[in-house]
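Taking it in order: structure first as structure tokens, then the write-up.
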Amino acid sequence: MSEVSQLIEKSVEGETLTRGEIAQLLALRDGGACREMYRAADEWKRRLWADRVTYVVNLNLNPTNVCVQHCGFCNFRRSDGDAGSYRMTLDDCLQHIAARLHYGITEVTIQSGLDSKTPVEFYFALLREIKNAFPRLHIHAYSPEEIAFLGDRTGESYRKIIERLKASGLGSMPGTAAEILVDDVRRRLCGEKVMTAEWCEIVETAHRAGVRTTSTMMYGHIETVEDRAAHLLRLLDVQRRTGGFTEFIQLPFVAARAPIAIKRGLQSPETVEAMNVIAVARLLFRDELPHIQAIAWVKRGLDEAVQSLHCGADDLGGTLIEERITRAAGADFGGYVPASELCARITEENLRPVQRNTLYEILESHPSQAQSVLGNTTNNEAPLQQSVVE
Ligand code: SF4
């Protein structure tokens, strides 16, 4: 049995791979070995979710691009007064949402630059105003870095801030600003951001306050495969303590206009690296973190995103109306894909598209030619393993 087969078998038997083993799988380039890994990851996905692929209809809202930090991968930020800098008022934000309700959005995702001139109260008032105007919308808002920024400005504990945000209407938080959770990499890539321990402390505090978050990894810049492996293990460690991550989202670095790429001549990661991340995440997280999002279409295009549905991913992500941050970094795949197109692409793969909300509750199912073994598809669907046990 090859070394790769042994690692796959170890994972299938329920053992946690070590950092070195994860790095070895992430670094695979041999076509045969990669295909073997993708097949094993796809089998794991099918054991949990059969032919189901979920998506969410969501809207992005970025109230300001003014930011006091200077992350090496970010071309979205502007300094106060720069050409192209903007700040939206509460009314602008409400109008932005109202004008796009006809898309059938169930979620608004809010992330901003860290702007010291935006009053702290704006963060809370925005949630309250959105909830008042659109009570059925789920608000997925404020990265751990924004929570840290509010903590610095108010002197309040993370717990207090998150509880106040929750009372104002916060539904869940993006687990962004994670980048690579290895301090040496963070210092070189985004040295003004919170370090690893603090990022983990904030998300764990959110989970314990009843606010779930996504988990993310932004990779393919200056880190090594060992750093990626350490990052994935760190996420698994948090998940085992809190169970608060809804999903894992991998975010390939977009080099085109990223300052650090221009300075150092970096390229975006290759397709095989992205597929390997999906497959390894599935083999490592299995049913402990059961939702793996496909390669972000906004960064790499729908073809690659759809391809990754055969490598262990079970979710195609969101329609992402008005995505700005990735496009600012130079990705050229548009800021919106209609739900009908996501469904059509899923069905073409002989998979079954299912609309979910932010917390993976099922909203609508689109039966495809591929028959589901899950039976009733109109209610919330538990992982297949659980259904069988029940
Ligand atoms: S990634 Fe966020 S925190 Fe970093 S510079 Fe860009 S807007 Fe600011």
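Lettering and numbering for the structure tokens are positional, with chains as A, B, ... in the shown order, residues counted from 1 in each chain, and ligands counted from 1 in the shown order.
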Worksheet entry | Those in segment 205-308 of chain A with helix (DSSP H, G or I) from DSSP, as a ChimeraX atom specification | /A:205-208,225-242,259-264,271-285,297-300,302-308
I need the residues from that last selection saved to file as a short mmCIF file (atom, residue, chain, number, x, y, z; two decimals), in the first residue's frame (with N, CA and C atoms), if you can.
```cif
data_model
loop_
_atom_site.label_atom_id
_atom_site.label_comp_id
_atom_site.auth_asym_id
_atom_site.auth_seq_id
_atom_site.Cartn_x
_atom_site.Cartn_y
_atom_site.Cartn_z
N THR A 205 -15.13 32.75 22.32
CA THR A 205 -16.03 33.58 23.14
C THR A 205 -17.37 33.71 22.42
N ALA A 206 -17.33 33.94 21.12
CA ALA A 206 -18.58 34.04 20.34
C ALA A 206 -19.37 32.74 20.45
N HIS A 207 -18.69 31.62 20.23
CA HIS A 207 -19.39 30.32 20.28
C HIS A 207 -20.04 30.13 21.65
N ARG A 208 -19.30 30.49 22.70
CA ARG A 208 -19.85 30.28 24.06
C ARG A 208 -20.99 31.25 24.36
N VAL A 225 3.32 24.55 3.42
CA VAL A 225 2.25 23.56 3.63
C VAL A 225 2.17 23.15 5.10
N GLU A 226 3.31 23.20 5.79
CA GLU A 226 3.29 22.89 7.23
C GLU A 226 2.46 23.95 7.98
N ASP A 227 2.58 25.21 7.56
CA ASP A 227 1.76 26.26 8.18
C ASP A 227 0.27 26.01 7.92
N ARG A 228 -0.05 25.61 6.69
CA ARG A 228 -1.46 25.31 6.39
C ARG A 228 -1.95 24.17 7.29
N ALA A 229 -1.10 23.17 7.45
CA ALA A 229 -1.49 22.02 8.29
C ALA A 229 -1.71 22.48 9.73
N ALA A 230 -0.83 23.32 10.24
CA ALA A 230 -0.97 23.81 11.62
C ALA A 230 -2.28 24.59 11.76
N HIS A 231 -2.60 25.37 10.73
CA HIS A 231 -3.84 26.15 10.74
C HIS A 231 -5.05 25.23 10.82
N LEU A 232 -5.07 24.21 9.96
CA LEU A 232 -6.23 23.31 9.94
C LEU A 232 -6.39 22.60 11.29
N LEU A 233 -5.27 22.19 11.89
CA LEU A 233 -5.35 21.53 13.19
C LEU A 233 -5.85 22.49 14.27
N ARG A 234 -5.46 23.75 14.14
CA ARG A 234 -5.91 24.76 15.10
C ARG A 234 -7.44 24.91 15.03
N LEU A 235 -7.96 24.95 13.81
CA LEU A 235 -9.42 25.06 13.65
C LEU A 235 -10.12 23.83 14.25
N LEU A 236 -9.53 22.66 14.00
CA LEU A 236 -10.14 21.43 14.53
C LEU A 236 -10.14 21.46 16.06
N ASP A 237 -9.06 21.98 16.62
CA ASP A 237 -8.95 22.08 18.07
C ASP A 237 -10.07 22.98 18.64
N VAL A 238 -10.29 24.11 18.00
CA VAL A 238 -11.37 25.01 18.45
C VAL A 238 -12.72 24.29 18.33
N GLN A 239 -12.92 23.64 17.18
CA GLN A 239 -14.21 22.97 16.95
C GLN A 239 -14.46 21.88 17.98
N ARG A 240 -13.40 21.18 18.37
CA ARG A 240 -13.60 20.11 19.37
C ARG A 240 -13.95 20.69 20.73
N ARG A 241 -13.50 21.92 20.98
CA ARG A 241 -13.84 22.54 22.27
C ARG A 241 -15.23 23.15 22.28
N THR A 242 -15.67 23.74 21.15
CA THR A 242 -16.92 24.51 21.18
C THR A 242 -18.01 23.99 20.24
N PRO A 259 -0.95 43.96 -2.59
CA PRO A 259 0.33 44.67 -2.42
C PRO A 259 1.52 43.74 -2.20
N ILE A 260 1.34 42.70 -1.40
CA ILE A 260 2.48 41.82 -1.09
C ILE A 260 2.89 41.01 -2.33
N ALA A 261 1.91 40.72 -3.21
CA ALA A 261 2.22 39.97 -4.43
C ALA A 261 3.01 40.85 -5.39
N ILE A 262 2.61 42.13 -5.46
CA ILE A 262 3.30 43.06 -6.35
C ILE A 262 4.74 43.25 -5.86
N LYS A 263 4.89 43.40 -4.54
CA LYS A 263 6.22 43.65 -3.97
C LYS A 263 7.14 42.44 -4.14
N ARG A 264 6.58 41.24 -3.95
CA ARG A 264 7.43 40.04 -3.94
C ARG A 264 7.29 39.17 -5.17
N THR A 271 -4.43 25.38 -9.17
CA THR A 271 -5.68 24.66 -8.96
C THR A 271 -5.48 23.42 -8.09
N VAL A 272 -4.40 22.70 -8.34
CA VAL A 272 -4.19 21.46 -7.58
C VAL A 272 -4.04 21.75 -6.09
N GLU A 273 -3.44 22.88 -5.76
CA GLU A 273 -3.30 23.23 -4.34
C GLU A 273 -4.66 23.46 -3.70
N ALA A 274 -5.54 24.13 -4.46
CA ALA A 274 -6.87 24.43 -3.94
C ALA A 274 -7.68 23.14 -3.77
N MET A 275 -7.60 22.24 -4.76
CA MET A 275 -8.33 20.97 -4.65
C MET A 275 -7.80 20.16 -3.47
N ASN A 276 -6.48 20.20 -3.28
CA ASN A 276 -5.90 19.45 -2.17
C ASN A 276 -6.41 19.98 -0.82
N VAL A 277 -6.55 21.30 -0.72
CA VAL A 277 -7.04 21.87 0.54
C VAL A 277 -8.46 21.36 0.83
N ILE A 278 -9.30 21.34 -0.20
CA ILE A 278 -10.67 20.84 -0.02
C ILE A 278 -10.65 19.38 0.46
N ALA A 279 -9.89 18.56 -0.25
CA ALA A 279 -9.88 17.13 0.07
C ALA A 279 -9.29 16.87 1.46
N VAL A 280 -8.20 17.55 1.77
CA VAL A 280 -7.56 17.33 3.07
C VAL A 280 -8.48 17.81 4.19
N ALA A 281 -9.16 18.94 3.97
CA ALA A 281 -10.10 19.44 4.99
C ALA A 281 -11.18 18.39 5.26
N ARG A 282 -11.71 17.78 4.20
CA ARG A 282 -12.74 16.75 4.40
C ARG A 282 -12.17 15.55 5.17
N LEU A 283 -10.96 15.11 4.79
CA LEU A 283 -10.39 13.93 5.45
C LEU A 283 -10.03 14.22 6.90
N LEU A 284 -9.73 15.48 7.20
CA LEU A 284 -9.36 15.84 8.58
C LEU A 284 -10.60 16.15 9.42
N PHE A 285 -11.52 16.92 8.85
CA PHE A 285 -12.67 17.40 9.65
C PHE A 285 -13.83 16.39 9.68
N TRP A 297 -15.95 30.72 -5.64
CA TRP A 297 -16.08 31.05 -7.07
C TRP A 297 -15.67 32.48 -7.33
N VAL A 298 -15.89 33.35 -6.33
CA VAL A 298 -15.57 34.76 -6.55
C VAL A 298 -14.06 34.96 -6.74
N LYS A 299 -13.27 34.03 -6.22
CA LYS A 299 -11.82 34.15 -6.36
C LYS A 299 -11.28 33.37 -7.55
N ARG A 300 -11.95 32.24 -7.89
CA ARG A 300 -11.35 31.36 -8.90
C ARG A 300 -12.29 31.00 -10.04
N LEU A 302 -16.47 29.83 -11.39
CA LEU A 302 -17.42 28.75 -11.09
C LEU A 302 -16.92 27.38 -11.53
N ASP A 303 -16.13 27.32 -12.60
CA ASP A 303 -15.67 26.01 -13.09
C ASP A 303 -14.86 25.30 -12.00
N GLU A 304 -13.94 26.04 -11.41
CA GLU A 304 -13.10 25.44 -10.37
C GLU A 304 -13.93 25.12 -9.13
N ALA A 305 -14.86 26.02 -8.81
CA ALA A 305 -15.72 25.79 -7.64
C ALA A 305 -16.51 24.49 -7.81
N VAL A 306 -17.08 24.31 -9.00
CA VAL A 306 -17.91 23.13 -9.26
C VAL A 306 -17.04 21.86 -9.24
N GLN A 307 -15.84 21.98 -9.81
CA GLN A 307 -14.92 20.83 -9.82
C GLN A 307 -14.64 20.36 -8.39
N SER A 308 -14.55 21.30 -7.46
CA SER A 308 -14.19 20.93 -6.08
C SER A 308 -15.34 20.22 -5.37
#
```
Worksheet item: What residues have any atom no more than 6 Å from ligand 1 when counting only C-alpha atoms and all ligand atoms, and can you list them as an NGL selection string?
Response: :A and (67 or 69-71 or 74 or 76-77 or 113-114)
Emit the selected residues as a PDB file, in the first residue's frame, including N, CA, C and O atoms.
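Okay, selection29.pdb is ready:
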```
ATOM      1  N   CYS A  67      -9.570  52.082   6.378  1.00  0.00           N
ATOM      2  CA  CYS A  67      -9.005  51.112   7.322  1.00  0.00           C
ATOM      3  C   CYS A  67      -7.657  51.597   7.836  1.00  0.00           C
ATOM      4  O   CYS A  67      -6.830  52.096   7.063  1.00  0.00           O
ATOM      5  N   GLN A  69      -5.472  49.592   9.100  1.00  0.00           N
ATOM      6  CA  GLN A  69      -4.463  48.540   8.927  1.00  0.00           C
ATOM      7  C   GLN A  69      -4.014  48.445   7.460  1.00  0.00           C
ATOM      8  O   GLN A  69      -4.605  49.068   6.571  1.00  0.00           O
ATOM      9  N   HIS A  70      -2.979  47.625   7.245  1.00  0.00           N
ATOM     10  CA  HIS A  70      -2.357  47.557   5.920  1.00  0.00           C
ATOM     11  C   HIS A  70      -1.986  46.103   5.605  1.00  0.00           C
ATOM     12  O   HIS A  70      -0.804  45.774   5.439  1.00  0.00           O
ATOM     13  N   CYS A  71      -2.980  45.206   5.561  1.00  0.00           N
ATOM     14  CA  CYS A  71      -2.685  43.790   5.332  1.00  0.00           C
ATOM     15  C   CYS A  71      -2.086  43.611   3.926  1.00  0.00           C
ATOM     16  O   CYS A  71      -2.555  44.230   2.963  1.00  0.00           O
ATOM     17  N   CYS A  74      -4.414  42.909   0.845  1.00  0.00           N
ATOM     18  CA  CYS A  74      -5.664  43.671   0.724  1.00  0.00           C
ATOM     19  C   CYS A  74      -5.510  44.891  -0.170  1.00  0.00           C
ATOM     20  O   CYS A  74      -4.702  45.784   0.101  1.00  0.00           O
ATOM     21  N   PHE A  76      -8.519  46.376  -0.927  1.00  0.00           N
ATOM     22  CA  PHE A  76      -9.835  46.980  -0.674  1.00  0.00           C
ATOM     23  C   PHE A  76      -9.672  48.242   0.167  1.00  0.00           C
ATOM     24  O   PHE A  76     -10.362  49.233  -0.046  1.00  0.00           O
ATOM     25  N   ARG A  77      -8.742  48.213   1.100  1.00  0.00           N
ATOM     26  CA  ARG A  77      -8.600  49.303   2.063  1.00  0.00           C
ATOM     27  C   ARG A  77      -8.187  50.617   1.400  1.00  0.00           C
ATOM     28  O   ARG A  77      -7.514  50.646   0.371  1.00  0.00           O
ATOM     29  N   GLY A 113     -13.747  48.003   6.604  1.00  0.00           N
ATOM     30  CA  GLY A 113     -12.429  48.393   7.063  1.00  0.00           C
ATOM     31  C   GLY A 113     -12.514  48.809   8.530  1.00  0.00           C
ATOM     32  O   GLY A 113     -13.612  48.997   9.072  1.00  0.00           O
ATOM     33  N   LEU A 114     -11.363  48.933   9.164  1.00  0.00           N
ATOM     34  CA  LEU A 114     -11.329  49.341  10.576  1.00  0.00           C
ATOM     35  C   LEU A 114     -11.125  50.849  10.584  1.00  0.00           C
ATOM     36  O   LEU A 114     -10.006  51.337  10.418  1.00  0.00           O
TER      37      LEU A 114
END
```
Worksheet item: In Å, with one decimal, what is the gap from atom CA of Arg78 of chain A to atom CA of Phe149 of chain A?
Response: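 Pair atom CA of Arg78 of chain A / atom CA of Phe149 of chain A returns 17.0 Å.
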Fill in: 8 Å contact set for Met195 of chain A, only C-alpha atoms, chain neighbours under 4 positions out, as a PyMOL selection string
chain A and resi 181-183+186+199
Okay, now the selection with C-alpha atoms, as a PDB file, in the first residue's frame?
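Output file part28.pdb follows:
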```
ATOM      1  CA  LEU A 181      -3.132  30.963  12.197  1.00  0.00           C
ATOM      2  CA  VAL A 182       0.636  30.833  12.650  1.00  0.00           C
ATOM      3  CA  ASP A 183       2.076  33.912  14.333  1.00  0.00           C
ATOM      4  CA  ARG A 186       0.763  36.684  10.538  1.00  0.00           C
ATOM      5  CA  TRP A 199      -8.279  35.132  17.156  1.00  0.00           C
TER       6      TRP A 199
END
```
Worksheet entry | Selection near segment 26-40 of chain A, 6 Å with only C-alpha atoms, sequence-local residues under 2 positions removed, as a ChimeraX atom specification | /A:23-24,42-43,276,279,311
Same residues, C-alpha atoms, output as a compact mmCIF listing (two decimals), in the first residue's frame:
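Just written: again30.txt:
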```
# COMPACT_ATOMS: atom_id res chain seq x y z
CA ALA A 23 1.38 18.70 5.02
CA GLN A 24 2.35 15.64 2.98
CA ASP A 42 -15.73 12.55 -2.04
CA GLU A 43 -16.73 9.24 -0.44
CA ASN A 276 -5.90 19.45 -2.17
CA ALA A 279 -9.88 17.13 0.07
CA CYS A 311 -13.18 16.52 -4.02
```
Worksheet entry | Test item: residues at most 12 Å from Val337 of chain A, only C-alpha atoms, excluding those fewer than 6 positions along its chain, as a list in words | Tyr55, Val56, Val57, Asn58, Leu59, Tyr103, Ala296, Trp297, Val298, Gly301, Leu302, Leu316, Gly317, Gly318, Thr319, Leu320, Ile321, Glu322, Glu323, Cys343, Ala344 and Arg345 of chain A
Strand (DSSP E or B) call set, DSSP backbone run, segment 91-303 of chain A, as an mmCIF file with C-alpha atoms, in the first residue's frame:
```cif
data_model
loop_
_atom_site.group_PDB
_atom_site.id
_atom_site.type_symbol
_atom_site.label_atom_id
_atom_site.label_comp_id
_atom_site.auth_asym_id
_atom_site.auth_seq_id
_atom_site.Cartn_x
_atom_site.Cartn_y
_atom_site.Cartn_z
ATOM 1 C CA GLU A 107 -28.593 36.751 4.746
ATOM 2 C CA VAL A 108 -26.689 39.999 4.774
ATOM 3 C CA THR A 109 -22.955 39.692 5.399
ATOM 4 C CA ILE A 110 -21.354 42.826 6.841
ATOM 5 C CA HIS A 138 -30.111 36.844 9.144
ATOM 6 C CA ILE A 139 -27.229 39.194 9.948
ATOM 7 C CA HIS A 140 -23.822 37.588 9.515
ATOM 8 C CA ALA A 141 -21.485 40.327 10.623
ATOM 9 C CA SER A 172 -23.597 34.834 13.372
ATOM 10 C CA MET A 173 -20.075 36.008 12.549
ATOM 11 C CA ARG A 212 -21.761 30.622 15.620
ATOM 12 C CA THR A 213 -19.019 31.528 13.169
ATOM 13 C CA THR A 214 -17.595 30.174 9.972
ATOM 14 C CA SER A 215 -13.971 29.041 9.876
ATOM 15 C CA THR A 216 -11.671 30.167 7.084
ATOM 16 C CA MET A 217 -8.158 29.805 5.737
ATOM 17 C CA MET A 218 -6.595 32.291 3.308
ATOM 18 C CA TYR A 219 -3.632 30.507 1.782
ATOM 19 C CA PHE A 245 -18.049 26.502 13.492
ATOM 20 C CA THR A 246 -20.788 26.147 10.893
ATOM 21 C CA GLU A 247 -18.410 25.319 8.055
ATOM 22 C CA PHE A 248 -14.882 25.530 6.688
ATOM 23 C CA ILE A 249 -14.265 28.040 3.899
ATOM 24 C CA GLN A 250 -10.992 28.029 2.036
ATOM 25 C CA LEU A 251 -9.937 31.284 0.430
ATOM 26 C CA PRO A 252 -7.155 31.046 -2.140
ATOM 27 C CA ILE A 292 -16.816 22.192 3.562
ATOM 28 C CA GLN A 293 -17.398 25.027 1.167
#
```
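A straight line drawn from atom CA of Ala339 of chain A to atom CA of Met88 of chain A is 27.2 Å long.
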Discussion item. What does the structure give for the distance between atom CA of Leu25 of chain A and atom CA of Ala41 of chain A, in Å to one decimal?
Written reply: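 Taking atom CA of Leu25 of chain A as the start and atom CA of Ala41 of chain A as the end point, the length is 11.9 Å.
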Worksheet item: So which one's closest to Asp82 of chain A, A:Pro144, A:His221, A:Glu198, A:Asn65? Using only C-alpha atoms, please.
Response: A:Asn65
Worksheet item: Counting only C-alpha atoms, which of A:Glu121, A:Glu288, A:Asp184, A:Glu201 gets nearest to Arg164 of chain A?
Response: A:Glu121
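Residues with any atom within 9 Å of Gln111 of chain A, counting only C-alpha atoms and excluding same-chain neighbours fewer than 5 positions away, are Asn60, Leu61, Asn62, Pro63, Thr64, His140, Ala141, Tyr142, Ser143, Glu146 and Pro174 of chain A.
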Could you turn the residues from that selection into a file that holds C-alpha atoms, as a PDB file, in the first residue's frame?
```
ATOM      1  CA  ASN A  60     -22.619  41.681   0.943  1.00  0.00           C
ATOM      2  CA  LEU A  61     -22.524  45.018   2.690  1.00  0.00           C
ATOM      3  CA  ASN A  62     -19.197  46.774   3.255  1.00  0.00           C
ATOM      4  CA  PRO A  63     -20.105  50.046   5.019  1.00  0.00           C
ATOM      5  CA  THR A  64     -16.629  51.556   4.622  1.00  0.00           C
ATOM      6  CA  HIS A 140     -23.822  37.588   9.515  1.00  0.00           C
ATOM      7  CA  ALA A 141     -21.485  40.327  10.623  1.00  0.00           C
ATOM      8  CA  TYR A 142     -18.161  41.524  11.978  1.00  0.00           C
ATOM      9  CA  SER A 143     -14.987  39.494  11.787  1.00  0.00           C
ATOM     10  CA  GLU A 146     -13.608  43.975  14.009  1.00  0.00           C
ATOM     11  CA  PRO A 174     -17.691  35.431   9.653  1.00  0.00           C
TER      12      PRO A 174
END
```
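Across A:Arg352, A:Lys45, A:Arg188, A:His291, the tightest approach to Phe73 of chain A is made by A:Arg188 when counting only C-alpha atoms.
Using only C-alpha atoms, the nearest neighbour of Thr106 of chain A within the list A:Ile22, A:Ala83, A:Leu137, A:Cys93 is A:Leu137.
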Practice prompt. Could you give me, as a list in words, the residues within 8 Å of Ala148 of chain A, counting only C-alpha atoms and dropping anything in the same chain fewer than 6 positions from it?
Written response: Tyr158, Val194 and Ile202 of chain A
Discussion item. From the options A:Ala256, A:Leu150, A:Val203, A:Ala50, which residue's atoms come nearest to Val120 of chain A, counting only C-alpha atoms?
Written reply: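 Nearest to Val120 of chain A: A:Leu150.
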